[in-house]
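Student: Sharing model00.txt, compact mmCIF, N, CA and C atoms and all ligand atoms:
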```
# COMPACT_ATOMS: atom_id res chain seq x y z
N MET A 1 -41.28 -123.18 -55.47
CA MET A 1 -42.26 -122.13 -55.10
C MET A 1 -42.15 -120.97 -56.06
N ASN A 2 -43.25 -120.59 -56.60
CA ASN A 2 -43.27 -119.46 -57.53
C ASN A 2 -43.42 -118.15 -56.75
N LEU A 3 -42.33 -117.38 -56.74
CA LEU A 3 -42.32 -116.16 -55.94
C LEU A 3 -43.11 -115.03 -56.58
N LYS A 4 -43.44 -115.21 -57.85
CA LYS A 4 -44.15 -114.13 -58.54
C LYS A 4 -45.66 -114.19 -58.27
N ARG A 5 -46.09 -115.31 -57.68
CA ARG A 5 -47.51 -115.46 -57.40
C ARG A 5 -47.92 -114.44 -56.34
N PRO A 6 -48.97 -113.69 -56.57
CA PRO A 6 -49.38 -112.70 -55.57
C PRO A 6 -49.90 -113.38 -54.31
N VAL A 7 -49.27 -113.08 -53.20
CA VAL A 7 -49.73 -113.62 -51.92
C VAL A 7 -49.88 -112.49 -50.93
N ALA A 8 -50.71 -112.69 -49.97
CA ALA A 8 -50.89 -111.71 -48.92
C ALA A 8 -49.71 -111.80 -47.96
N VAL A 9 -49.15 -110.66 -47.62
CA VAL A 9 -48.02 -110.64 -46.71
C VAL A 9 -48.37 -109.78 -45.51
N ALA A 10 -48.20 -110.34 -44.34
CA ALA A 10 -48.47 -109.57 -43.13
C ALA A 10 -47.17 -108.94 -42.65
N ASP A 11 -47.17 -107.65 -42.48
CA ASP A 11 -46.01 -106.93 -41.98
C ASP A 11 -46.27 -106.55 -40.53
N THR A 12 -45.65 -107.26 -39.61
CA THR A 12 -45.90 -107.01 -38.20
C THR A 12 -44.75 -106.23 -37.55
N ALA A 13 -43.88 -105.66 -38.40
CA ALA A 13 -42.71 -104.95 -37.87
C ALA A 13 -43.12 -103.65 -37.18
N GLY A 14 -44.09 -102.95 -37.75
CA GLY A 14 -44.50 -101.67 -37.20
C GLY A 14 -45.52 -101.84 -36.09
N ASP A 15 -46.05 -100.73 -35.60
CA ASP A 15 -47.06 -100.81 -34.55
C ASP A 15 -48.36 -101.35 -35.11
N MET A 16 -48.68 -100.92 -36.34
CA MET A 16 -49.91 -101.34 -36.96
C MET A 16 -49.63 -102.40 -38.00
N THR A 17 -50.39 -103.46 -37.94
CA THR A 17 -50.22 -104.51 -38.92
C THR A 17 -50.83 -104.07 -40.24
N THR A 18 -50.05 -104.16 -41.28
CA THR A 18 -50.61 -103.90 -42.59
C THR A 18 -50.50 -105.17 -43.41
N ILE A 19 -51.48 -105.35 -44.24
CA ILE A 19 -51.50 -106.53 -45.09
C ILE A 19 -51.31 -106.09 -46.52
N ARG A 20 -50.34 -106.69 -47.17
CA ARG A 20 -50.10 -106.36 -48.57
C ARG A 20 -50.73 -107.41 -49.44
N THR A 21 -51.55 -106.95 -50.32
CA THR A 21 -52.15 -107.87 -51.28
C THR A 21 -52.16 -107.16 -52.63
N THR A 22 -52.80 -107.75 -53.60
CA THR A 22 -52.78 -107.12 -54.92
C THR A 22 -54.18 -106.86 -55.43
N CYS A 23 -54.31 -105.72 -56.06
CA CYS A 23 -55.55 -105.36 -56.74
C CYS A 23 -55.30 -105.62 -58.22
N PRO A 24 -56.27 -106.25 -58.90
CA PRO A 24 -56.07 -106.54 -60.32
C PRO A 24 -55.80 -105.28 -61.15
N ARG A 25 -56.27 -104.14 -60.67
CA ARG A 25 -56.10 -102.90 -61.40
C ARG A 25 -54.84 -102.14 -60.99
N CYS A 26 -54.61 -102.08 -59.67
CA CYS A 26 -53.56 -101.20 -59.14
C CYS A 26 -52.26 -101.93 -58.79
N GLY A 27 -52.30 -103.23 -58.74
CA GLY A 27 -51.11 -103.95 -58.29
C GLY A 27 -51.08 -104.04 -56.78
N GLU A 28 -49.88 -103.89 -56.21
CA GLU A 28 -49.74 -104.06 -54.76
C GLU A 28 -50.40 -102.94 -53.99
N VAL A 29 -51.22 -103.34 -53.01
CA VAL A 29 -51.86 -102.36 -52.14
C VAL A 29 -51.73 -102.82 -50.69
N ASP A 30 -51.59 -101.86 -49.79
CA ASP A 30 -51.49 -102.16 -48.36
C ASP A 30 -52.74 -101.69 -47.65
N MET A 31 -53.18 -102.49 -46.69
CA MET A 31 -54.32 -102.05 -45.88
C MET A 31 -54.27 -102.74 -44.53
N GLY A 32 -55.06 -102.25 -43.60
CA GLY A 32 -55.12 -102.85 -42.27
C GLY A 32 -56.01 -104.07 -42.28
N PRO A 33 -55.86 -104.92 -41.27
CA PRO A 33 -56.68 -106.14 -41.19
C PRO A 33 -58.18 -105.85 -41.13
N GLU A 34 -58.54 -104.66 -40.61
CA GLU A 34 -59.97 -104.34 -40.49
C GLU A 34 -60.63 -104.10 -41.85
N SER A 35 -59.82 -103.89 -42.89
CA SER A 35 -60.37 -103.65 -44.22
C SER A 35 -60.65 -104.94 -44.99
N ILE A 36 -60.27 -106.05 -44.39
CA ILE A 36 -60.40 -107.32 -45.11
C ILE A 36 -61.42 -108.21 -44.43
N LEU A 37 -62.26 -108.84 -45.25
CA LEU A 37 -63.21 -109.81 -44.72
C LEU A 37 -62.86 -111.18 -45.28
N LEU A 38 -62.61 -112.07 -44.36
CA LEU A 38 -62.20 -113.41 -44.74
C LEU A 38 -63.34 -114.38 -44.52
N GLN A 39 -63.60 -115.19 -45.54
CA GLN A 39 -64.61 -116.23 -45.39
C GLN A 39 -63.95 -117.56 -45.65
N VAL A 40 -64.16 -118.49 -44.75
CA VAL A 40 -63.49 -119.77 -44.91
C VAL A 40 -64.48 -120.91 -45.08
N VAL A 41 -64.02 -121.94 -45.73
CA VAL A 41 -64.80 -123.16 -45.91
C VAL A 41 -63.92 -124.34 -45.50
N ARG A 42 -64.53 -125.49 -45.41
CA ARG A 42 -63.83 -126.72 -45.08
C ARG A 42 -62.94 -126.57 -43.84
N GLY A 43 -63.49 -126.05 -42.76
CA GLY A 43 -62.79 -125.97 -41.49
C GLY A 43 -61.55 -125.10 -41.52
N GLY A 44 -61.54 -124.09 -42.37
CA GLY A 44 -60.43 -123.15 -42.39
C GLY A 44 -59.32 -123.53 -43.34
N ARG A 45 -59.49 -124.58 -44.08
CA ARG A 45 -58.43 -125.01 -44.98
C ARG A 45 -58.33 -124.12 -46.22
N GLU A 46 -59.44 -123.56 -46.62
CA GLU A 46 -59.40 -122.62 -47.73
C GLU A 46 -60.59 -121.68 -47.64
N GLY A 47 -60.55 -120.66 -48.45
CA GLY A 47 -61.64 -119.70 -48.43
C GLY A 47 -61.39 -118.58 -49.40
N THR A 48 -62.08 -117.48 -49.16
CA THR A 48 -61.90 -116.31 -49.99
C THR A 48 -61.78 -115.10 -49.08
N TYR A 49 -61.12 -114.08 -49.58
CA TYR A 49 -61.10 -112.85 -48.82
C TYR A 49 -61.45 -111.71 -49.73
N ARG A 50 -62.15 -110.73 -49.19
CA ARG A 50 -62.56 -109.57 -49.96
C ARG A 50 -62.08 -108.31 -49.29
N PHE A 51 -61.86 -107.35 -50.13
CA PHE A 51 -61.50 -106.04 -49.61
C PHE A 51 -61.88 -105.00 -50.65
N THR A 52 -62.00 -103.78 -50.20
CA THR A 52 -62.22 -102.67 -51.11
C THR A 52 -60.87 -102.03 -51.33
N CYS A 53 -60.43 -102.01 -52.57
CA CYS A 53 -59.11 -101.47 -52.89
C CYS A 53 -59.03 -100.01 -52.43
N PRO A 54 -58.00 -99.68 -51.62
CA PRO A 54 -57.91 -98.30 -51.11
C PRO A 54 -57.55 -97.28 -52.20
N THR A 55 -57.12 -97.76 -53.34
CA THR A 55 -56.72 -96.86 -54.41
C THR A 55 -57.85 -96.59 -55.41
N CYS A 56 -58.43 -97.67 -55.94
CA CYS A 56 -59.46 -97.47 -56.96
C CYS A 56 -60.88 -97.71 -56.43
N MET A 57 -60.97 -98.09 -55.12
CA MET A 57 -62.26 -98.32 -54.46
C MET A 57 -63.09 -99.43 -55.09
N ASP A 58 -62.42 -100.30 -55.81
CA ASP A 58 -63.10 -101.45 -56.40
C ASP A 58 -63.19 -102.58 -55.37
N ASP A 59 -64.26 -103.34 -55.41
CA ASP A 59 -64.34 -104.52 -54.56
C ASP A 59 -63.56 -105.65 -55.20
N VAL A 60 -62.68 -106.22 -54.42
CA VAL A 60 -61.85 -107.30 -54.93
C VAL A 60 -62.10 -108.55 -54.09
N GLU A 61 -62.24 -109.67 -54.76
CA GLU A 61 -62.39 -110.92 -54.04
C GLU A 61 -61.34 -111.89 -54.55
N LYS A 62 -60.66 -112.54 -53.60
CA LYS A 62 -59.60 -113.46 -54.00
C LYS A 62 -59.71 -114.76 -53.25
N ARG A 63 -59.16 -115.78 -53.84
CA ARG A 63 -59.13 -117.08 -53.20
C ARG A 63 -57.99 -117.12 -52.20
N ALA A 64 -58.21 -117.79 -51.08
CA ALA A 64 -57.16 -117.93 -50.08
C ALA A 64 -56.95 -119.40 -49.78
N ASP A 65 -55.72 -119.85 -49.92
CA ASP A 65 -55.45 -121.23 -49.50
C ASP A 65 -55.20 -121.23 -48.00
N ARG A 66 -54.89 -122.41 -47.45
CA ARG A 66 -54.79 -122.53 -45.99
C ARG A 66 -53.72 -121.60 -45.41
N LYS A 67 -52.62 -121.48 -46.12
CA LYS A 67 -51.53 -120.62 -45.64
C LYS A 67 -51.97 -119.17 -45.56
N ILE A 68 -52.65 -118.71 -46.61
CA ILE A 68 -53.10 -117.32 -46.64
C ILE A 68 -54.16 -117.11 -45.56
N VAL A 69 -55.05 -118.09 -45.41
CA VAL A 69 -56.06 -117.99 -44.35
C VAL A 69 -55.38 -117.84 -42.99
N ALA A 70 -54.38 -118.68 -42.71
CA ALA A 70 -53.67 -118.63 -41.42
C ALA A 70 -52.95 -117.30 -41.25
N LEU A 71 -52.36 -116.82 -42.34
CA LEU A 71 -51.62 -115.56 -42.30
C LEU A 71 -52.55 -114.39 -42.01
N LEU A 72 -53.69 -114.37 -42.70
CA LEU A 72 -54.65 -113.28 -42.50
C LEU A 72 -55.20 -113.30 -41.09
N VAL A 73 -55.51 -114.51 -40.60
CA VAL A 73 -56.04 -114.63 -39.24
C VAL A 73 -55.00 -114.15 -38.23
N SER A 74 -53.73 -114.55 -38.43
CA SER A 74 -52.69 -114.15 -37.48
C SER A 74 -52.42 -112.66 -37.55
N ALA A 75 -52.78 -112.03 -38.68
CA ALA A 75 -52.61 -110.58 -38.82
C ALA A 75 -53.79 -109.82 -38.21
N GLY A 76 -54.83 -110.55 -37.79
CA GLY A 76 -55.94 -109.91 -37.11
C GLY A 76 -57.18 -109.71 -37.96
N VAL A 77 -57.24 -110.38 -39.10
CA VAL A 77 -58.42 -110.26 -39.95
C VAL A 77 -59.57 -111.06 -39.35
N ASP A 78 -60.75 -110.45 -39.38
CA ASP A 78 -61.93 -111.13 -38.87
C ASP A 78 -62.35 -112.24 -39.83
N VAL A 79 -62.78 -113.33 -39.23
CA VAL A 79 -63.20 -114.46 -40.04
C VAL A 79 -64.70 -114.63 -39.97
N ALA A 80 -65.31 -114.67 -41.12
CA ALA A 80 -66.73 -114.96 -41.19
C ALA A 80 -66.87 -116.47 -41.37
N SER A 81 -67.24 -117.14 -40.28
CA SER A 81 -67.31 -118.58 -40.33
C SER A 81 -68.34 -119.08 -39.36
N ARG A 82 -68.89 -120.26 -39.62
CA ARG A 82 -69.90 -120.80 -38.73
C ARG A 82 -69.27 -121.43 -37.50
N GLY A 83 -68.09 -121.98 -37.66
CA GLY A 83 -67.42 -122.65 -36.54
C GLY A 83 -66.71 -121.64 -35.64
N SER A 84 -66.87 -121.80 -34.33
CA SER A 84 -66.23 -120.87 -33.41
C SER A 84 -64.83 -121.34 -33.02
N THR A 85 -64.48 -122.58 -33.33
CA THR A 85 -63.18 -123.11 -32.96
C THR A 85 -62.18 -123.01 -34.11
N LEU A 86 -62.51 -122.18 -35.09
CA LEU A 86 -61.66 -122.11 -36.29
C LEU A 86 -60.22 -121.78 -35.96
N THR A 87 -60.01 -120.73 -35.20
CA THR A 87 -58.65 -120.28 -34.92
C THR A 87 -57.86 -121.38 -34.23
N GLU A 88 -58.51 -122.00 -33.25
CA GLU A 88 -57.86 -123.10 -32.55
C GLU A 88 -57.46 -124.21 -33.51
N GLU A 89 -58.41 -124.57 -34.34
CA GLU A 89 -58.18 -125.62 -35.32
C GLU A 89 -57.00 -125.28 -36.22
N LEU A 90 -57.01 -124.06 -36.71
CA LEU A 90 -55.97 -123.59 -37.61
C LEU A 90 -54.60 -123.72 -36.99
N PHE A 91 -54.48 -123.20 -35.77
CA PHE A 91 -53.16 -123.13 -35.17
C PHE A 91 -52.73 -124.45 -34.56
N ASP A 92 -53.69 -125.39 -34.41
CA ASP A 92 -53.29 -126.72 -34.02
C ASP A 92 -52.55 -127.40 -35.16
N GLN A 93 -53.05 -127.16 -36.35
CA GLN A 93 -52.44 -127.79 -37.51
C GLN A 93 -51.15 -127.10 -37.93
N GLU A 94 -51.13 -125.80 -37.78
CA GLU A 94 -49.98 -125.03 -38.22
C GLU A 94 -49.67 -124.03 -37.12
N PRO A 95 -48.99 -124.47 -36.06
CA PRO A 95 -48.89 -123.64 -34.87
C PRO A 95 -48.10 -122.36 -35.07
N TYR A 96 -47.09 -122.40 -35.90
CA TYR A 96 -46.23 -121.21 -36.02
C TYR A 96 -45.58 -121.19 -37.39
N VAL A 97 -45.71 -120.08 -38.09
CA VAL A 97 -45.06 -119.94 -39.39
C VAL A 97 -43.78 -119.14 -39.17
N ASP A 98 -42.66 -119.80 -39.29
CA ASP A 98 -41.38 -119.16 -39.05
C ASP A 98 -41.02 -118.28 -40.24
N PRO A 99 -40.91 -116.96 -40.02
CA PRO A 99 -40.65 -116.06 -41.15
C PRO A 99 -39.19 -116.08 -41.60
N ARG A 100 -38.31 -116.69 -40.80
CA ARG A 100 -36.90 -116.70 -41.18
C ARG A 100 -36.63 -117.73 -42.27
N PRO A 101 -35.59 -117.50 -43.06
CA PRO A 101 -35.25 -118.51 -44.07
C PRO A 101 -34.75 -119.77 -43.37
N PRO A 102 -34.86 -120.92 -44.03
CA PRO A 102 -34.39 -122.16 -43.40
C PRO A 102 -32.88 -122.14 -43.18
N LEU A 103 -32.41 -122.96 -42.28
CA LEU A 103 -30.98 -123.03 -42.00
C LEU A 103 -30.25 -123.55 -43.22
N PRO A 104 -28.98 -123.16 -43.34
CA PRO A 104 -28.21 -123.68 -44.47
C PRO A 104 -28.19 -125.21 -44.44
N ASP A 105 -28.06 -125.79 -45.57
CA ASP A 105 -28.16 -127.23 -45.69
C ASP A 105 -26.87 -127.91 -45.26
N ALA A 106 -26.45 -127.68 -44.03
CA ALA A 106 -25.20 -128.24 -43.53
C ALA A 106 -25.50 -129.52 -42.77
N PRO A 107 -24.52 -130.46 -42.74
CA PRO A 107 -24.76 -131.68 -41.97
C PRO A 107 -24.85 -131.37 -40.48
N ALA A 108 -25.66 -132.13 -39.77
CA ALA A 108 -25.84 -131.90 -38.34
C ALA A 108 -24.58 -132.30 -37.58
N PHE A 109 -24.33 -131.61 -36.48
CA PHE A 109 -23.20 -131.92 -35.62
C PHE A 109 -23.56 -133.14 -34.77
N THR A 110 -22.86 -134.24 -34.96
CA THR A 110 -23.24 -135.48 -34.29
C THR A 110 -22.34 -135.75 -33.09
N ILE A 111 -22.71 -136.75 -32.33
CA ILE A 111 -21.92 -137.17 -31.16
C ILE A 111 -20.56 -137.68 -31.63
N ASP A 112 -20.51 -138.27 -32.82
CA ASP A 112 -19.23 -138.74 -33.36
C ASP A 112 -18.28 -137.57 -33.60
N ASP A 113 -18.83 -136.47 -34.10
CA ASP A 113 -18.02 -135.27 -34.33
C ASP A 113 -17.47 -134.76 -33.00
N LEU A 114 -18.30 -134.85 -31.98
CA LEU A 114 -17.91 -134.36 -30.66
C LEU A 114 -16.76 -135.20 -30.09
N ILE A 115 -16.88 -136.51 -30.22
CA ILE A 115 -15.83 -137.42 -29.73
C ILE A 115 -14.53 -137.17 -30.51
N ASP A 116 -14.68 -137.00 -31.81
CA ASP A 116 -13.54 -136.73 -32.67
C ASP A 116 -12.84 -135.45 -32.22
N PHE A 117 -13.62 -134.43 -31.95
CA PHE A 117 -13.11 -133.13 -31.52
C PHE A 117 -12.41 -133.26 -30.17
N HIS A 118 -13.03 -134.05 -29.29
CA HIS A 118 -12.48 -134.29 -27.95
C HIS A 118 -11.07 -134.88 -28.06
N PHE A 119 -10.89 -135.87 -28.92
CA PHE A 119 -9.57 -136.49 -29.06
C PHE A 119 -8.57 -135.56 -29.72
N LYS A 120 -9.06 -134.74 -30.62
CA LYS A 120 -8.17 -133.77 -31.27
C LYS A 120 -7.64 -132.77 -30.25
N LEU A 121 -8.50 -132.38 -29.30
CA LEU A 121 -8.09 -131.44 -28.26
C LEU A 121 -7.05 -132.05 -27.32
N GLN A 122 -7.08 -133.38 -27.18
CA GLN A 122 -6.13 -134.07 -26.29
C GLN A 122 -4.77 -134.25 -26.98
N ASP A 123 -4.74 -134.09 -28.25
CA ASP A 123 -3.52 -134.24 -29.02
C ASP A 123 -2.78 -132.90 -29.02
N ASP A 124 -1.78 -132.75 -28.14
CA ASP A 124 -1.08 -131.48 -27.96
C ASP A 124 -0.43 -130.98 -29.25
N ALA A 125 0.13 -131.92 -29.97
CA ALA A 125 0.82 -131.55 -31.21
C ALA A 125 -0.17 -130.93 -32.20
N LEU A 126 -1.35 -131.55 -32.28
CA LEU A 126 -2.38 -131.06 -33.21
C LEU A 126 -2.88 -129.68 -32.79
N VAL A 127 -3.09 -129.50 -31.47
CA VAL A 127 -3.57 -128.22 -30.94
C VAL A 127 -2.51 -127.14 -31.19
N ALA A 128 -1.24 -127.49 -30.92
CA ALA A 128 -0.13 -126.55 -31.13
C ALA A 128 -0.06 -126.13 -32.60
N GLU A 129 -0.25 -127.11 -33.46
CA GLU A 129 -0.20 -126.87 -34.91
C GLU A 129 -1.35 -125.92 -35.33
N PHE A 130 -2.53 -126.22 -34.75
CA PHE A 130 -3.70 -125.39 -35.05
C PHE A 130 -3.50 -123.97 -34.56
N LEU A 131 -2.98 -123.83 -33.33
CA LEU A 131 -2.78 -122.49 -32.76
C LEU A 131 -1.69 -121.72 -33.50
N ALA A 132 -0.71 -122.43 -33.99
CA ALA A 132 0.39 -121.80 -34.72
C ALA A 132 -0.11 -121.14 -36.01
N LYS A 133 -1.22 -121.67 -36.54
CA LYS A 133 -1.79 -121.14 -37.79
C LYS A 133 -2.56 -119.85 -37.56
N GLN A 134 -2.92 -119.60 -36.31
CA GLN A 134 -3.76 -118.42 -36.03
C GLN A 134 -3.00 -117.12 -36.14
ZN ZN B 1 -57.34 -100.99 -57.12
```
Taking this structure as input, can you express it in the form of structure tokens?
Ligand SMILES: [Zn+2]
Tutor:
Amino acid sequence: MNLKRPVAVADTAGDMTTIRTTCPRCGEVDMGPESILLQVVRGGREGTYRFTCPTCMDDVEKRADRKIVALLVSAGVDVASRGSTLTEELFDQEPYVDPRPPLPDAPAFTIDDLIDFHFKLQDDALVAEFLAKQ
């Protein structure tokens, strides 16, 4: 994943949702969802979004892939679309975007590990040895 690619980011930490996007002239700009107009095609899989840059007042239009469309919609941006079931459709396909980083790539704890641990706990000498190290 190319992290340098400009993407819209929804910040829902505060009371008001702000959307960060980029203006070709000004770079990163923040605005509320009401400042953005999203138009989608192909059942919400892709589209374009437009906004008036709050800094230079230029009209900016950008392409939005499905992820950006879902993100903008979840941030409260109005969608200009012919289909009324768009939101439903969108969230059926991608119900929840987890903002947390993925779990570390550790092996899963299996039933075999549990049985192994169970027998280790029954081994008094092993438990004593383990506790002695603490
Ligand atoms: Zn600008």
Student: Please indicate the distance in Å from atom CA of A:Ala80 to atom CA of A:Lys62, rounded to one decimal place.
Tutor: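 Those two atoms sit 14.7 Å apart.
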Student: Taking only N, CA and C atoms and all ligand atoms into account, which residues are within 5 Å of ligand ZN 1 (chain B), as a ChimeraX atom specification?
Tutor: /A:23,25-26,53,55-56
Student: Which residue is closest to A:Gly76? Choose from A:Lys120, A:Ile19, A:Leu131, A:Pro33 and count all atoms listed in the file.
Tutor: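 Once distances to A:Gly76 are computed over all atoms listed in the file, the minimum belongs to A:Pro33.
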Student: Can you list, as a tab-separated table (two decimals) with N, CA and C atoms, keeping the file's coordinate frame, every protein, DNA or RNA residue that comes within 5 Å of stretch 37-43 of chain A when you count only N, CA and C atoms, leaving out same-chain residues fewer than 4 positions away?
Tutor:
```tsv
chain	number	residue	atom	x	y	z
A	47	GLY	N	-60.55	-120.66	-48.45
A	47	GLY	CA	-61.64	-119.70	-48.43
A	47	GLY	C	-61.39	-118.58	-49.40
A	48	THR	N	-62.08	-117.48	-49.16
A	48	THR	CA	-61.90	-116.31	-49.99
A	48	THR	C	-61.78	-115.10	-49.08
A	49	TYR	N	-61.12	-114.08	-49.58
A	49	TYR	CA	-61.10	-112.85	-48.82
A	49	TYR	C	-61.45	-111.71	-49.73
A	50	ARG	N	-62.15	-110.73	-49.19
A	50	ARG	CA	-62.56	-109.57	-49.96
A	50	ARG	C	-62.08	-108.31	-49.29
A	78	ASP	N	-60.75	-110.45	-39.38
A	78	ASP	CA	-61.93	-111.13	-38.87
A	78	ASP	C	-62.35	-112.24	-39.83
A	79	VAL	N	-62.78	-113.33	-39.23
A	79	VAL	CA	-63.20	-114.46	-40.04
A	79	VAL	C	-64.70	-114.63	-39.97
A	80	ALA	N	-65.31	-114.67	-41.12
A	80	ALA	CA	-66.73	-114.96	-41.19
A	80	ALA	C	-66.87	-116.47	-41.37
```
Student: In Å, with one decimal, what is the gap from atom C of A:Asp105 to atom C of A:Phe117?
Tutor: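 Going from atom C of A:Asp105 over to atom C of A:Phe117, I get 21.6 Å.
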Student: So what do you get for atom N of A:Arg63 versus atom C of A:Pro24, distance-wise?
Tutor: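 Between atom N of A:Arg63 and atom C of A:Pro24 the gap works out to 13.2 Å.
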Student: Quick check for you: according to DSSP on this backbone, which residues of stretch 18-69 of chain A are classed as alpha helix (DSSP H)? Reply as a ChimeraX atom specification.
Tutor: /A:66-69
Student: For stretch 57-65 of chain A, supply all heavy atoms and format the output as an mmCIF file, in the coordinates of the input.
Tutor:
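As written to disk, part_4.cif reads:
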```cif
data_model
loop_
_atom_site.group_PDB
_atom_site.id
_atom_site.type_symbol
_atom_site.label_atom_id
_atom_site.label_comp_id
_atom_site.auth_asym_id
_atom_site.auth_seq_id
_atom_site.Cartn_x
_atom_site.Cartn_y
_atom_site.Cartn_z
ATOM 1 N N MET A 57 -60.970 -98.090 -55.120
ATOM 2 C CA MET A 57 -62.260 -98.320 -54.460
ATOM 3 C C MET A 57 -63.090 -99.430 -55.090
ATOM 4 O O MET A 57 -64.295 -99.510 -54.875
ATOM 5 C CB MET A 57 -63.094 -97.020 -54.392
ATOM 6 C CG MET A 57 -62.364 -95.843 -53.785
ATOM 7 S SD MET A 57 -61.571 -96.216 -52.207
ATOM 8 C CE MET A 57 -62.858 -95.755 -51.089
ATOM 9 N N ASP A 58 -62.420 -100.300 -55.810
ATOM 10 C CA ASP A 58 -63.100 -101.450 -56.400
ATOM 11 C C ASP A 58 -63.190 -102.580 -55.370
ATOM 12 O O ASP A 58 -62.317 -102.720 -54.540
ATOM 13 C CB ASP A 58 -62.276 -101.948 -57.589
ATOM 14 C CG ASP A 58 -63.077 -101.960 -58.870
ATOM 15 O OD1 ASP A 58 -64.106 -101.249 -58.929
ATOM 16 O OD2 ASP A 58 -62.655 -102.658 -59.811
ATOM 17 N N ASP A 59 -64.260 -103.340 -55.410
ATOM 18 C CA ASP A 59 -64.340 -104.520 -54.560
ATOM 19 C C ASP A 59 -63.560 -105.650 -55.200
ATOM 20 O O ASP A 59 -63.747 -105.960 -56.378
ATOM 21 C CB ASP A 59 -65.797 -104.940 -54.364
ATOM 22 C CG ASP A 59 -66.524 -103.989 -53.426
ATOM 23 O OD1 ASP A 59 -65.864 -103.451 -52.506
ATOM 24 O OD2 ASP A 59 -67.727 -103.776 -53.611
ATOM 25 N N VAL A 60 -62.680 -106.220 -54.420
ATOM 26 C CA VAL A 60 -61.850 -107.300 -54.930
ATOM 27 C C VAL A 60 -62.100 -108.550 -54.090
ATOM 28 O O VAL A 60 -62.193 -108.474 -52.874
ATOM 29 C CB VAL A 60 -60.346 -106.927 -54.861
ATOM 30 C CG1 VAL A 60 -59.483 -108.055 -55.432
ATOM 31 C CG2 VAL A 60 -60.083 -105.621 -55.601
ATOM 32 N N GLU A 61 -62.240 -109.670 -54.760
ATOM 33 C CA GLU A 61 -62.390 -110.920 -54.040
ATOM 34 C C GLU A 61 -61.340 -111.890 -54.550
ATOM 35 O O GLU A 61 -61.143 -112.029 -55.753
ATOM 36 C CB GLU A 61 -63.792 -111.506 -54.257
ATOM 37 C CG GLU A 61 -63.989 -112.759 -53.428
ATOM 38 C CD GLU A 61 -65.438 -113.273 -53.416
ATOM 39 O OE1 GLU A 61 -66.347 -112.492 -53.748
ATOM 40 O OE2 GLU A 61 -65.625 -114.440 -53.070
ATOM 41 N N LYS A 62 -60.660 -112.540 -53.600
ATOM 42 C CA LYS A 62 -59.600 -113.460 -54.000
ATOM 43 C C LYS A 62 -59.710 -114.760 -53.250
ATOM 44 O O LYS A 62 -60.228 -114.812 -52.143
ATOM 45 C CB LYS A 62 -58.233 -112.829 -53.682
ATOM 46 C CG LYS A 62 -57.955 -111.626 -54.540
ATOM 47 C CD LYS A 62 -56.624 -111.024 -54.176
ATOM 48 C CE LYS A 62 -56.006 -110.365 -55.371
ATOM 49 N NZ LYS A 62 -54.797 -110.991 -55.804
ATOM 50 N N ARG A 63 -59.160 -115.780 -53.840
ATOM 51 C CA ARG A 63 -59.130 -117.080 -53.200
ATOM 52 C C ARG A 63 -57.990 -117.120 -52.200
ATOM 53 O O ARG A 63 -56.931 -116.550 -52.419
ATOM 54 C CB ARG A 63 -58.886 -118.159 -54.259
ATOM 55 C CG ARG A 63 -59.990 -119.195 -54.350
ATOM 56 C CD ARG A 63 -59.617 -120.208 -55.407
ATOM 57 N NE ARG A 63 -58.369 -120.897 -55.046
ATOM 58 C CZ ARG A 63 -58.319 -121.969 -54.222
ATOM 59 N NH1 ARG A 63 -59.424 -122.464 -53.713
ATOM 60 N NH2 ARG A 63 -57.180 -122.542 -53.937
ATOM 61 N N ALA A 64 -58.210 -117.790 -51.080
ATOM 62 C CA ALA A 64 -57.160 -117.930 -50.080
ATOM 63 C C ALA A 64 -56.950 -119.400 -49.780
ATOM 64 O O ALA A 64 -57.890 -120.113 -49.479
ATOM 65 C CB ALA A 64 -57.562 -117.198 -48.799
ATOM 66 N N ASP A 65 -55.720 -119.850 -49.920
ATOM 67 C CA ASP A 65 -55.450 -121.230 -49.500
ATOM 68 C C ASP A 65 -55.200 -121.230 -48.000
ATOM 69 O O ASP A 65 -55.278 -120.192 -47.341
ATOM 70 C CB ASP A 65 -54.292 -121.849 -50.300
ATOM 71 C CG ASP A 65 -52.975 -121.110 -50.115
ATOM 72 O OD1 ASP A 65 -52.842 -120.362 -49.132
ATOM 73 O OD2 ASP A 65 -52.093 -121.272 -50.967
#
```
